[in-house]
$ cat input-v1.pdb   # PDB, C-alpha atoms
ATOM      1  CA  ASP A   1      -5.018  -4.092 -32.677
ATOM      2  CA  THR A   2      -8.723  -4.816 -32.931
ATOM      3  CA  GLY A   3      -8.733  -7.327 -30.093
ATOM      4  CA  VAL A   4     -10.976 -10.368 -29.747
ATOM      5  CA  SER A   5     -14.514  -9.710 -30.936
ATOM      6  CA  GLN A   6     -17.599 -11.679 -29.884
ATOM      7  CA  ASN A   7     -21.119 -11.490 -31.251
ATOM      8  CA  PRO A   8     -23.777 -11.083 -30.126
ATOM      9  CA  ARG A   9     -23.100  -9.406 -26.759
ATOM     10  CA  HIS A  10     -26.408 -10.623 -25.375
ATOM     11  CA  LYS A  11     -28.741 -13.405 -26.418
ATOM     12  CA  ILE A  12     -32.113 -14.165 -24.882
ATOM     13  CA  THR A  13     -33.901 -17.248 -26.081
ATOM     14  CA  LYS A  14     -36.532 -19.748 -25.044
ATOM     15  CA  ARG A  15     -35.644 -23.140 -23.671
ATOM     16  CA  GLY A  16     -35.285 -25.696 -26.437
ATOM     17  CA  GLN A  17     -34.091 -23.250 -29.091
ATOM     18  CA  ASN A  18     -30.697 -23.451 -30.788
ATOM     19  CA  VAL A  19     -28.215 -20.586 -30.460
ATOM     20  CA  THR A  20     -24.928 -19.801 -32.188
ATOM     21  CA  PHE A  21     -22.196 -17.423 -31.051
ATOM     22  CA  ARG A  22     -19.302 -16.099 -33.065
ATOM     23  CA  CYS A  23     -15.750 -15.230 -32.035
ATOM     24  CA  ASP A  24     -13.204 -13.365 -34.146
ATOM     25  CA  PRO A  25      -9.744 -13.745 -32.586
ATOM     26  CA  ILE A  26      -6.738 -11.463 -32.942
ATOM     27  CA  SER A  27      -5.712 -12.095 -36.534
ATOM     28  CA  GLU A  28      -2.245 -13.568 -36.035
ATOM     29  CA  HIS A  29      -3.274 -15.800 -33.119
ATOM     30  CA  ASN A  30      -3.305 -19.498 -33.907
ATOM     31  CA  ARG A  31      -5.062 -20.681 -30.749
ATOM     32  CA  LEU A  32      -8.671 -19.999 -29.877
ATOM     33  CA  TYR A  33     -10.388 -20.990 -26.616
ATOM     34  CA  TRP A  34     -13.982 -21.084 -25.398
ATOM     35  CA  TYR A  35     -14.872 -20.685 -21.718
ATOM     36  CA  ARG A  36     -18.148 -20.461 -19.813
ATOM     37  CA  GLN A  37     -18.638 -18.372 -16.700
ATOM     38  CA  THR A  38     -21.613 -18.646 -14.363
ATOM     39  CA  LEU A  39     -22.471 -16.416 -11.418
ATOM     40  CA  GLY A  40     -19.987 -16.656  -8.588
ATOM     41  CA  GLN A  41     -17.602 -18.874 -10.514
ATOM     42  CA  GLY A  42     -14.452 -18.285 -12.492
ATOM     43  CA  PRO A  43     -14.424 -19.042 -16.219
ATOM     44  CA  GLU A  44     -14.502 -22.783 -16.996
ATOM     45  CA  PHE A  45     -12.654 -24.211 -19.969
ATOM     46  CA  LEU A  46     -14.839 -25.727 -22.711
ATOM     47  CA  THR A  47     -12.639 -26.344 -25.750
ATOM     48  CA  TYR A  48      -9.790 -24.992 -27.813
ATOM     49  CA  PHE A  49      -8.509 -24.936 -31.383
ATOM     50  CA  GLN A  50      -5.052 -24.739 -32.816
ATOM     51  CA  ASN A  51      -5.637 -23.288 -36.271
ATOM     52  CA  GLU A  52      -8.656 -25.252 -37.566
ATOM     53  CA  ALA A  53      -8.084 -28.370 -35.445
ATOM     54  CA  GLN A  54     -10.140 -28.820 -32.287
ATOM     55  CA  LEU A  55      -7.532 -30.319 -29.984
ATOM     56  CA  GLU A  56      -9.332 -30.632 -26.688
ATOM     57  CA  LYS A  57     -12.838 -30.698 -25.275
ATOM     58  CA  SER A  58     -13.788 -30.435 -21.622
ATOM     59  CA  ARG A  59     -16.251 -32.899 -20.138
ATOM     60  CA  LEU A  60     -18.460 -29.800 -19.645
ATOM     61  CA  LEU A  61     -19.007 -29.770 -23.391
ATOM     62  CA  SER A  62     -22.057 -32.024 -23.717
ATOM     63  CA  ASP A  63     -23.175 -33.404 -27.066
ATOM     64  CA  ARG A  64     -25.575 -30.445 -27.387
ATOM     65  CA  PHE A  65     -22.546 -28.188 -27.802
ATOM     66  CA  SER A  66     -20.487 -27.990 -30.960
ATOM     67  CA  ALA A  67     -17.672 -25.655 -31.889
ATOM     68  CA  GLU A  68     -16.025 -25.060 -35.223
ATOM     69  CA  ARG A  69     -13.186 -23.026 -36.617
ATOM     70  CA  PRO A  70     -13.436 -23.919 -40.307
ATOM     71  CA  LYS A  71     -10.654 -21.804 -41.788
ATOM     72  CA  GLY A  72      -8.556 -21.325 -38.702
ATOM     73  CA  SER A  73      -9.809 -17.787 -38.270
ATOM     74  CA  PHE A  74     -13.206 -17.098 -36.639
ATOM     75  CA  SER A  75     -14.984 -19.703 -34.546
ATOM     76  CA  THR A  76     -18.609 -20.504 -33.797
ATOM     77  CA  LEU A  77     -20.083 -22.161 -30.725
ATOM     78  CA  GLU A  78     -23.535 -23.690 -31.169
ATOM     79  CA  ILE A  79     -25.794 -24.921 -28.401
ATOM     80  CA  GLN A  80     -28.706 -27.102 -29.484
ATOM     81  CA  ARG A  81     -31.914 -27.593 -27.497
ATOM     82  CA  THR A  82     -30.910 -25.025 -24.892
ATOM     83  CA  GLU A  83     -31.639 -25.685 -21.223
ATOM     84  CA  GLN A  84     -31.951 -23.340 -18.237
ATOM     85  CA  GLY A  85     -28.525 -24.429 -17.039
ATOM     86  CA  ASP A  86     -26.931 -23.088 -20.216
ATOM     87  CA  SER A  87     -27.530 -19.520 -19.026
ATOM     88  CA  ALA A  88     -24.028 -18.099 -18.611
ATOM     89  CA  MET A  89     -21.418 -15.775 -20.031
ATOM     90  CA  TYR A  90     -19.559 -17.442 -22.913
ATOM     91  CA  LEU A  91     -16.040 -16.100 -23.290
ATOM     92  CA  CYS A  92     -13.692 -16.522 -26.201
ATOM     93  CA  ALA A  93      -9.938 -16.012 -25.960
ATOM     94  CA  SER A  94      -7.033 -16.269 -28.373
ATOM     95  CA  SER A  95      -3.291 -16.605 -28.030
ATOM     96  CA  LEU A  96      -0.163 -17.066 -30.059
ATOM     97  CA  GLU A  97       1.373 -20.368 -29.076
ATOM     98  CA  GLY A  98       4.779 -21.533 -30.085
ATOM     99  CA  TYR A  99       6.360 -19.022 -27.721
ATOM    100  CA  SER A 100       6.610 -19.831 -24.051
ATOM    101  CA  ASN A 101       3.527 -18.962 -22.162
ATOM    102  CA  GLN A 102       1.697 -16.212 -23.860
ATOM    103  CA  PRO A 103      -1.330 -14.730 -22.087
ATOM    104  CA  GLN A 104      -4.776 -15.380 -23.460
ATOM    105  CA  HIS A 105      -6.596 -12.341 -24.822
ATOM    106  CA  PHE A 106     -10.306 -12.344 -24.063
ATOM    107  CA  GLY A 107     -13.322 -10.899 -25.802
ATOM    108  CA  ASP A 108     -16.169  -9.155 -23.988
ATOM    109  CA  GLY A 109     -18.231 -12.342 -23.972
ATOM    110  CA  THR A 110     -21.737 -13.305 -25.021
ATOM    111  CA  ARG A 111     -24.266 -13.363 -22.201
ATOM    112  CA  LEU A 112     -26.872 -16.058 -22.785
ATOM    113  CA  SER A 113     -30.181 -16.005 -20.950
ATOM    114  CA  ILE A 114     -32.584 -18.929 -21.311
ATOM    115  CA  LEU A 115     -36.219 -18.137 -20.531
TER     116      LEU A 115
ATOM    117  CA  ILE B   1      -9.990 -32.286 -11.037
ATOM    118  CA  LEU B   2      -7.680 -29.298 -10.658
ATOM    119  CA  ASN B   3      -8.491 -26.994  -7.758
ATOM    120  CA  VAL B   4      -7.535 -23.314  -7.797
ATOM    121  CA  GLU B   5      -8.490 -21.354  -4.693
ATOM    122  CA  GLN B   6      -8.442 -17.604  -4.265
ATOM    123  CA  SER B   7      -8.765 -15.680  -1.029
ATOM    124  CA  PRO B   8     -10.312 -13.562   0.118
ATOM    125  CA  GLN B   9     -13.468 -13.775  -1.995
ATOM    126  CA  SER B  10     -14.002 -10.018  -1.657
ATOM    127  CA  LEU B  11     -12.055  -7.131  -0.203
ATOM    128  CA  HIS B  12     -12.836  -3.498   0.598
ATOM    129  CA  VAL B  13      -9.775  -1.269   0.733
ATOM    130  CA  GLN B  14      -9.425   2.428   1.413
ATOM    131  CA  GLU B  15      -7.975   4.502  -1.412
ATOM    132  CA  GLY B  16      -4.227   4.888  -0.931
ATOM    133  CA  ASP B  17      -3.825   1.696   1.095
ATOM    134  CA  SER B  18      -1.880  -1.287  -0.170
ATOM    135  CA  THR B  19      -3.394  -4.743  -0.355
ATOM    136  CA  ASN B  20      -2.653  -8.284  -1.379
ATOM    137  CA  PHE B  21      -4.490 -11.529  -2.056
ATOM    138  CA  THR B  22      -3.689 -15.173  -2.593
ATOM    139  CA  CYS B  23      -4.041 -17.837  -5.223
ATOM    140  CA  SER B  24      -3.448 -21.507  -4.307
ATOM    141  CA  PHE B  25      -2.978 -24.165  -6.958
ATOM    142  CA  PRO B  26      -1.711 -27.753  -7.282
ATOM    143  CA  SER B  27       2.048 -27.944  -6.799
ATOM    144  CA  SER B  28       2.451 -30.928  -9.131
ATOM    145  CA  ASN B  29       2.582 -30.793 -12.935
ATOM    146  CA  PHE B  30       2.941 -27.013 -12.854
ATOM    147  CA  TYR B  31       3.288 -25.224 -16.184
ATOM    148  CA  ALA B  32       2.180 -21.624 -15.651
ATOM    149  CA  LEU B  33       0.151 -19.307 -13.466
ATOM    150  CA  HIS B  34      -1.797 -16.456 -15.056
ATOM    151  CA  TRP B  35      -3.299 -13.365 -13.396
ATOM    152  CA  TYR B  36      -6.134 -11.406 -15.001
ATOM    153  CA  ARG B  37      -8.068  -8.294 -14.015
ATOM    154  CA  TRP B  38     -11.755  -8.247 -14.949
ATOM    155  CA  GLU B  39     -13.643  -4.985 -14.690
ATOM    156  CA  THR B  40     -17.416  -4.952 -14.943
ATOM    157  CA  ALA B  41     -18.692  -4.832 -18.541
ATOM    158  CA  LYS B  42     -15.199  -5.290 -19.946
ATOM    159  CA  SER B  43     -13.133  -8.273 -21.028
ATOM    160  CA  PRO B  44     -10.606  -9.932 -18.703
ATOM    161  CA  GLU B  45      -7.226  -8.244 -19.091
ATOM    162  CA  ALA B  46      -4.004 -10.210 -18.763
ATOM    163  CA  LEU B  47      -1.697  -8.954 -16.004
ATOM    164  CA  PHE B  48       1.023 -11.580 -15.671
ATOM    165  CA  VAL B  49       2.049 -15.019 -16.862
ATOM    166  CA  MET B  50       4.439 -16.638 -14.405
ATOM    167  CA  THR B  51       6.365 -19.826 -14.984
ATOM    168  CA  LEU B  52       9.414 -20.020 -12.700
ATOM    169  CA  ASN B  53       9.503 -20.728  -8.992
ATOM    170  CA  GLY B  54      10.484 -17.552  -7.163
ATOM    171  CA  ASP B  55       9.412 -15.401 -10.114
ATOM    172  CA  GLU B  56       8.374 -11.838  -9.358
ATOM    173  CA  LYS B  57       6.631  -9.654 -11.903
ATOM    174  CA  LYS B  58       5.647  -5.989 -11.743
ATOM    175  CA  LYS B  59       3.354  -3.760 -13.770
ATOM    176  CA  GLY B  60       3.075  -0.237 -12.385
ATOM    177  CA  ARG B  61       1.659  -0.490  -8.862
ATOM    178  CA  ILE B  62       0.766  -4.163  -9.242
ATOM    179  CA  SER B  63       3.200  -6.987  -8.601
ATOM    180  CA  ALA B  64       3.012 -10.749  -8.179
ATOM    181  CA  THR B  65       5.142 -13.520  -6.718
ATOM    182  CA  LEU B  66       5.143 -17.244  -7.384
ATOM    183  CA  ASN B  67       5.980 -20.284  -5.264
ATOM    184  CA  THR B  68       5.496 -23.435  -7.324
ATOM    185  CA  LYS B  69       6.880 -25.811  -4.665
ATOM    186  CA  GLU B  70       4.142 -24.945  -2.189
ATOM    187  CA  GLY B  71       1.551 -23.954  -4.796
ATOM    188  CA  TYR B  72       0.727 -20.313  -4.174
ATOM    189  CA  SER B  73       0.979 -16.889  -5.754
ATOM    190  CA  TYR B  74       0.417 -13.477  -4.211
ATOM    191  CA  LEU B  75      -0.816 -10.387  -6.022
ATOM    192  CA  TYR B  76       0.058  -7.030  -4.457
ATOM    193  CA  ILE B  77      -1.411  -3.624  -5.210
ATOM    194  CA  LYS B  78       0.446  -0.633  -3.820
ATOM    195  CA  GLY B  79      -1.380   2.642  -3.120
ATOM    196  CA  SER B  80      -4.818   1.451  -4.308
ATOM    197  CA  GLN B  81      -6.779   3.735  -6.605
ATOM    198  CA  PRO B  82     -10.500   3.610  -7.484
ATOM    199  CA  GLU B  83      -9.632   2.339 -10.968
ATOM    200  CA  ASP B  84      -8.148  -0.779  -9.344
ATOM    201  CA  SER B  85     -11.674  -1.902  -8.438
ATOM    202  CA  ALA B  86     -12.204  -5.154 -10.328
ATOM    203  CA  THR B  87     -12.265  -8.916  -9.947
ATOM    204  CA  TYR B  88      -8.775 -10.395  -9.964
ATOM    205  CA  LEU B  89      -8.613 -13.919 -11.366
ATOM    206  CA  CYS B  90      -5.763 -16.356 -11.215
ATOM    207  CA  ALA B  91      -5.586 -19.312 -13.578
ATOM    208  CA  PHE B  92      -3.429 -22.413 -13.539
ATOM    209  CA  ARG B  93      -2.068 -24.230 -16.547
ATOM    210  CA  THR B  94      -0.967 -27.806 -15.996
ATOM    211  CA  LEU B  95       1.883 -29.592 -17.690
ATOM    212  CA  SER B  96      -0.207 -32.563 -18.707
ATOM    213  CA  GLY B  97      -3.551 -34.211 -18.457
ATOM    214  CA  GLY B  98      -7.051 -33.133 -19.371
ATOM    215  CA  GLY B  99      -7.457 -29.486 -20.148
ATOM    216  CA  ALA B 100      -3.705 -29.179 -20.504
ATOM    217  CA  ASP B 101      -3.965 -26.190 -22.702
ATOM    218  CA  GLY B 102      -7.051 -24.623 -21.228
ATOM    219  CA  LEU B 103      -6.738 -22.580 -18.064
ATOM    220  CA  THR B 104      -8.297 -23.595 -14.746
ATOM    221  CA  PHE B 105      -9.509 -20.433 -13.053
ATOM    222  CA  GLY B 106     -10.180 -19.613  -9.427
ATOM    223  CA  LYS B 107     -13.403 -17.854  -8.478
ATOM    224  CA  GLY B 108     -11.625 -14.527  -8.190
ATOM    225  CA  THR B 109     -11.078 -11.857  -5.554
ATOM    226  CA  HIS B 110     -13.546  -8.989  -5.906
ATOM    227  CA  LEU B 111     -11.705  -5.805  -4.927
ATOM    228  CA  ILE B 112     -13.538  -2.573  -4.128
ATOM    229  CA  ILE B 113     -11.518   0.578  -3.511
ATOM    230  CA  GLN B 114     -13.364   3.094  -1.338
ATOM    231  CA  PRO B 115     -12.537   6.791  -1.914
TER     232      PRO B 115
END
$ encode --input "input-v1.pdb" --output "structure tokens"
Amino acid sequence: DTGVSQNPRHKITKRGQNVTFRCDPISEHNRLYWYRQTLGQGPEFLTYFQNEAQLEKSRLLSDRFSAERPKGSFSTLEIQRTEQGDSAMYLCASSLEGYSNQPQHFGDGTRLSIL
Amino acid sequence: ILNVEQSPQSLHVQEGDSTNFTCSFPSSNFYALHWYRWETAKSPEALFVMTLNGDEKKKGRISATLNTKEGYSYLYIKGSQPEDSATYLCAFRTLSGGGADGLTFGKGTHLIIQP
């Protein structure tokens, strides 16, 4: 069991730059979730995929954010024209749905710092 | 907007003592309540997924109870050990509505076990 893998672990960039993060879920998991966590807060839901279909997006996901899961395996989260407020930990999780209430398995996250 | 509250925000406990903390969530449209443990520099680890009113789950020295009618869950740790030091997050999954399949997290209880 290789677990959920996220890359990079840390990203430092200047305001206005674009950034892209990658998440590799547990291989047999059909659902993949993105969350954002800022200091002092719990993780906040951004979006999720079932296989390659993006089924839900939070209102937190502004039009500068886009997520893809082209082949139903790994996913990317891109932030365009980054702003100071985008500094956060971005967490990816996967689960196997179709069975009642499976836990979500999280990666270590990508910590984004905007200078 | 779904509101998940955890108390206390932080807790210092002497090694060997038992402790507990609370998660409050909306009592309507309940689907599931998740508990996670998040140690520094690691990924959140799933502890329990609870779905039925009156449910009790146990994993080693950690146990949890669920009351969906009044909207609360307790997490108990018996005989605390230093390795129990972590942030404990609860997360609510609603039956319907926006973010139905994403989890709504509380801010967590930060537990420090003092030797």
$ resolve_selection --input "input-v1.pdb" --expression "the PyMOL selection byres ((chain B) within 12 of (chain A))" --output "PyMOL selection string"
chain B and resi 1-6+9-10+31-52+87-95+97-110
$ write_last_selection --input "input-v1.pdb" --atoms "C-alpha atoms" --output "PDB file, in the frame of the given file"
ATOM      1  CA  ILE B   1      -9.990 -32.286 -11.037  1.00  0.00           C
ATOM      2  CA  LEU B   2      -7.680 -29.298 -10.658  1.00  0.00           C
ATOM      3  CA  ASN B   3      -8.491 -26.994  -7.758  1.00  0.00           C
ATOM      4  CA  VAL B   4      -7.535 -23.314  -7.797  1.00  0.00           C
ATOM      5  CA  GLU B   5      -8.490 -21.354  -4.693  1.00  0.00           C
ATOM      6  CA  GLN B   6      -8.442 -17.604  -4.265  1.00  0.00           C
ATOM      7  CA  GLN B   9     -13.468 -13.775  -1.995  1.00  0.00           C
ATOM      8  CA  SER B  10     -14.002 -10.018  -1.657  1.00  0.00           C
ATOM      9  CA  TYR B  31       3.288 -25.224 -16.184  1.00  0.00           C
ATOM     10  CA  ALA B  32       2.180 -21.624 -15.651  1.00  0.00           C
ATOM     11  CA  LEU B  33       0.151 -19.307 -13.466  1.00  0.00           C
ATOM     12  CA  HIS B  34      -1.797 -16.456 -15.056  1.00  0.00           C
ATOM     13  CA  TRP B  35      -3.299 -13.365 -13.396  1.00  0.00           C
ATOM     14  CA  TYR B  36      -6.134 -11.406 -15.001  1.00  0.00           C
ATOM     15  CA  ARG B  37      -8.068  -8.294 -14.015  1.00  0.00           C
ATOM     16  CA  TRP B  38     -11.755  -8.247 -14.949  1.00  0.00           C
ATOM     17  CA  GLU B  39     -13.643  -4.985 -14.690  1.00  0.00           C
ATOM     18  CA  THR B  40     -17.416  -4.952 -14.943  1.00  0.00           C
ATOM     19  CA  ALA B  41     -18.692  -4.832 -18.541  1.00  0.00           C
ATOM     20  CA  LYS B  42     -15.199  -5.290 -19.946  1.00  0.00           C
ATOM     21  CA  SER B  43     -13.133  -8.273 -21.028  1.00  0.00           C
ATOM     22  CA  PRO B  44     -10.606  -9.932 -18.703  1.00  0.00           C
ATOM     23  CA  GLU B  45      -7.226  -8.244 -19.091  1.00  0.00           C
ATOM     24  CA  ALA B  46      -4.004 -10.210 -18.763  1.00  0.00           C
ATOM     25  CA  LEU B  47      -1.697  -8.954 -16.004  1.00  0.00           C
ATOM     26  CA  PHE B  48       1.023 -11.580 -15.671  1.00  0.00           C
ATOM     27  CA  VAL B  49       2.049 -15.019 -16.862  1.00  0.00           C
ATOM     28  CA  MET B  50       4.439 -16.638 -14.405  1.00  0.00           C
ATOM     29  CA  THR B  51       6.365 -19.826 -14.984  1.00  0.00           C
ATOM     30  CA  LEU B  52       9.414 -20.020 -12.700  1.00  0.00           C
ATOM     31  CA  THR B  87     -12.265  -8.916  -9.947  1.00  0.00           C
ATOM     32  CA  TYR B  88      -8.775 -10.395  -9.964  1.00  0.00           C
ATOM     33  CA  LEU B  89      -8.613 -13.919 -11.366  1.00  0.00           C
ATOM     34  CA  CYS B  90      -5.763 -16.356 -11.215  1.00  0.00           C
ATOM     35  CA  ALA B  91      -5.586 -19.312 -13.578  1.00  0.00           C
ATOM     36  CA  PHE B  92      -3.429 -22.413 -13.539  1.00  0.00           C
ATOM     37  CA  ARG B  93      -2.068 -24.230 -16.547  1.00  0.00           C
ATOM     38  CA  THR B  94      -0.967 -27.806 -15.996  1.00  0.00           C
ATOM     39  CA  LEU B  95       1.883 -29.592 -17.690  1.00  0.00           C
ATOM     40  CA  GLY B  97      -3.551 -34.211 -18.457  1.00  0.00           C
ATOM     41  CA  GLY B  98      -7.051 -33.133 -19.371  1.00  0.00           C
ATOM     42  CA  GLY B  99      -7.457 -29.486 -20.148  1.00  0.00           C
ATOM     43  CA  ALA B 100      -3.705 -29.179 -20.504  1.00  0.00           C
ATOM     44  CA  ASP B 101      -3.965 -26.190 -22.702  1.00  0.00           C
ATOM     45  CA  GLY B 102      -7.051 -24.623 -21.228  1.00  0.00           C
ATOM     46  CA  LEU B 103      -6.738 -22.580 -18.064  1.00  0.00           C
ATOM     47  CA  THR B 104      -8.297 -23.595 -14.746  1.00  0.00           C
ATOM     48  CA  PHE B 105      -9.509 -20.433 -13.053  1.00  0.00           C
ATOM     49  CA  GLY B 106     -10.180 -19.613  -9.427  1.00  0.00           C
ATOM     50  CA  LYS B 107     -13.403 -17.854  -8.478  1.00  0.00           C
ATOM     51  CA  GLY B 108     -11.625 -14.527  -8.190  1.00  0.00           C
ATOM     52  CA  THR B 109     -11.078 -11.857  -5.554  1.00  0.00           C
ATOM     53  CA  HIS B 110     -13.546  -8.989  -5.906  1.00  0.00           C
TER      54      HIS B 110
END
$ resolve_selection --input "input-v1.pdb" --expression "the PyMOL selection byres ((chain A and resi 96) around 7)" --output "mmCIF file with C-alpha atoms, in the coordinates of the input"
data_model
loop_
_atom_site.group_PDB
_atom_site.id
_atom_site.type_symbol
_atom_site.label_atom_id
_atom_site.label_comp_id
_atom_site.auth_asym_id
_atom_site.auth_seq_id
_atom_site.Cartn_x
_atom_site.Cartn_y
_atom_site.Cartn_z
ATOM 1 C CA HIS A 29 -3.274 -15.800 -33.119
ATOM 2 C CA ASN A 30 -3.305 -19.498 -33.907
ATOM 3 C CA ARG A 31 -5.062 -20.681 -30.749
ATOM 4 C CA SER A 95 -3.291 -16.605 -28.030
ATOM 5 C CA GLU A 97 1.373 -20.368 -29.076
ATOM 6 C CA GLY A 98 4.779 -21.533 -30.085
ATOM 7 C CA GLN A 102 1.697 -16.212 -23.860
#
$ residues_around --input "input-v1.pdb" --residues "B:Ser73" --least-positions-apart "6" --cutoff "6 Å" --atoms "all atoms listed in the file" --output "ChimeraX atom specification"
/B:22-23,65-66
$ residues_around --input "input-v1.pdb" --residues "A:Ala88" --least-positions-apart "3" --cutoff "6 Å" --atoms "all atoms listed in the file" --output "PyMOL selection string"
chain A and resi 37-38+111-112
$ residues_around --input "input-v1.pdb" --residues "B:Phe21" --least-positions-apart "2" --cutoff "7 Å" --atoms "all atoms listed in the file" --output "mmCIF file with C-alpha atoms, in the coordinates of the input"
data_model
loop_
_atom_site.group_PDB
_atom_site.id
_atom_site.type_symbol
_atom_site.label_atom_id
_atom_site.label_comp_id
_atom_site.auth_asym_id
_atom_site.auth_seq_id
_atom_site.Cartn_x
_atom_site.Cartn_y
_atom_site.Cartn_z
ATOM 1 C CA SER B 7 -8.765 -15.680 -1.029
ATOM 2 C CA PRO B 8 -10.312 -13.562 0.118
ATOM 3 C CA TYR B 74 0.417 -13.477 -4.211
ATOM 4 C CA LEU B 75 -0.816 -10.387 -6.022
ATOM 5 C CA TYR B 76 0.058 -7.030 -4.457
#
$ axis_aligned_box --input "input-v1.pdb" --around "stretch 104-107 of chain A" --padding-each-side "3 Å" --output "AutoDock Vina command-line options"
--center_x -9.0 --center_y -13.1 --center_z -24.6 --size_x 14.5 --size_y 10.5 --size_z 8.3
$ residues_around --input "input-v1.pdb" --residues "A:Ile79" --least-positions-apart "3" --cutoff "8 Å" --atoms "only C-alpha atoms" --output "list in words"
Asn18, Val19, Thr20, Arg64, Phe65, Ser66 and Thr82 of chain A
$ resolve_selection --input "input-v1.pdb" --expression "the PyMOL selection byres ((chain A and resi 70) around 12)" --output "PyMOL selection string"
chain A and resi 49-54+67-69+71-77
$ closest_residue --input "input-v1.pdb" --among "A:Met89, A:Ser94, A:Leu60, A:Glu78" --to "A:Asp24" --atoms "all atoms listed in the file"
A:Ser94
$ closest_residue --input "input-v1.pdb" --among "A:Thr2, A:Glu28, A:Thr110, A:Glu83" --to "A:Lys14" --atoms "all atoms listed in the file"
A:Glu83
$ residues_near_point --input "input-v1.pdb" --point "(-17.4, 0.3, -2.3)" --cutoff "12 Å" --atoms "all atoms listed in the file" --output "PyMOL selection string"
chain B and resi 10-15+81-86+110-115
$ build_atoms --input "input-v1.pdb" --residues "stretch 65-77 of chain A" --atoms "N, CA, C and O atoms" --output "mmCIF file, in the coordinates of the input"
data_model
loop_
_atom_site.group_PDB
_atom_site.id
_atom_site.type_symbol
_atom_site.label_atom_id
_atom_site.label_comp_id
_atom_site.auth_asym_id
_atom_site.auth_seq_id
_atom_site.Cartn_x
_atom_site.Cartn_y
_atom_site.Cartn_z
ATOM 1 N N PHE A 65 -23.458 -29.281 -27.466
ATOM 2 C CA PHE A 65 -22.546 -28.188 -27.802
ATOM 3 C C PHE A 65 -21.650 -28.618 -28.958
ATOM 4 O O PHE A 65 -21.123 -29.732 -28.955
ATOM 5 N N SER A 66 -21.467 -27.720 -29.915
ATOM 6 C CA SER A 66 -20.487 -27.990 -30.960
ATOM 7 C C SER A 66 -19.777 -26.695 -31.316
ATOM 8 O O SER A 66 -20.374 -25.627 -31.347
ATOM 9 N N ALA A 67 -18.481 -26.812 -31.531
ATOM 10 C CA ALA A 67 -17.672 -25.655 -31.889
ATOM 11 C C ALA A 67 -16.922 -25.959 -33.164
ATOM 12 O O ALA A 67 -16.514 -27.097 -33.402
ATOM 13 N N GLU A 68 -16.757 -24.912 -33.967
ATOM 14 C CA GLU A 68 -16.025 -25.060 -35.223
ATOM 15 C C GLU A 68 -15.107 -23.875 -35.425
ATOM 16 O O GLU A 68 -15.365 -22.770 -34.932
ATOM 17 N N ARG A 69 -14.062 -24.110 -36.183
ATOM 18 C CA ARG A 69 -13.186 -23.026 -36.617
ATOM 19 C C ARG A 69 -12.726 -23.403 -38.029
ATOM 20 O O ARG A 69 -11.597 -23.803 -38.249
ATOM 21 N N PRO A 70 -13.625 -23.286 -39.001
ATOM 22 C CA PRO A 70 -13.436 -23.919 -40.307
ATOM 23 C C PRO A 70 -12.189 -23.474 -41.081
ATOM 24 O O PRO A 70 -11.580 -24.269 -41.751
ATOM 25 N N LYS A 71 -11.810 -22.251 -41.010
ATOM 26 C CA LYS A 71 -10.654 -21.804 -41.788
ATOM 27 C C LYS A 71 -9.522 -21.342 -40.873
ATOM 28 O O LYS A 71 -8.601 -20.665 -41.321
ATOM 29 N N GLY A 72 -9.608 -21.727 -39.634
ATOM 30 C CA GLY A 72 -8.556 -21.325 -38.702
ATOM 31 C C GLY A 72 -8.583 -19.861 -38.338
ATOM 32 O O GLY A 72 -7.602 -19.342 -37.788
ATOM 33 N N SER A 73 -9.721 -19.201 -38.650
ATOM 34 C CA SER A 73 -9.809 -17.787 -38.270
ATOM 35 C C SER A 73 -10.907 -17.640 -37.224
ATOM 36 O O SER A 73 -10.679 -17.941 -36.060
ATOM 37 N N PHE A 74 -12.137 -17.251 -37.616
ATOM 38 C CA PHE A 74 -13.206 -17.098 -36.639
ATOM 39 C C PHE A 74 -13.702 -18.473 -36.193
ATOM 40 O O PHE A 74 -13.444 -19.495 -36.841
ATOM 41 N N SER A 75 -14.416 -18.468 -35.073
ATOM 42 C CA SER A 75 -14.984 -19.703 -34.546
ATOM 43 C C SER A 75 -16.452 -19.472 -34.204
ATOM 44 O O SER A 75 -16.866 -18.342 -33.902
ATOM 45 N N THR A 76 -17.228 -20.558 -34.261
ATOM 46 C CA THR A 76 -18.609 -20.504 -33.797
ATOM 47 C C THR A 76 -18.819 -21.559 -32.722
ATOM 48 O O THR A 76 -18.192 -22.625 -32.749
ATOM 49 N N LEU A 77 -19.670 -21.231 -31.770
ATOM 50 C CA LEU A 77 -20.083 -22.161 -30.725
ATOM 51 C C LEU A 77 -21.597 -22.265 -30.808
ATOM 52 O O LEU A 77 -22.303 -21.266 -30.700
#
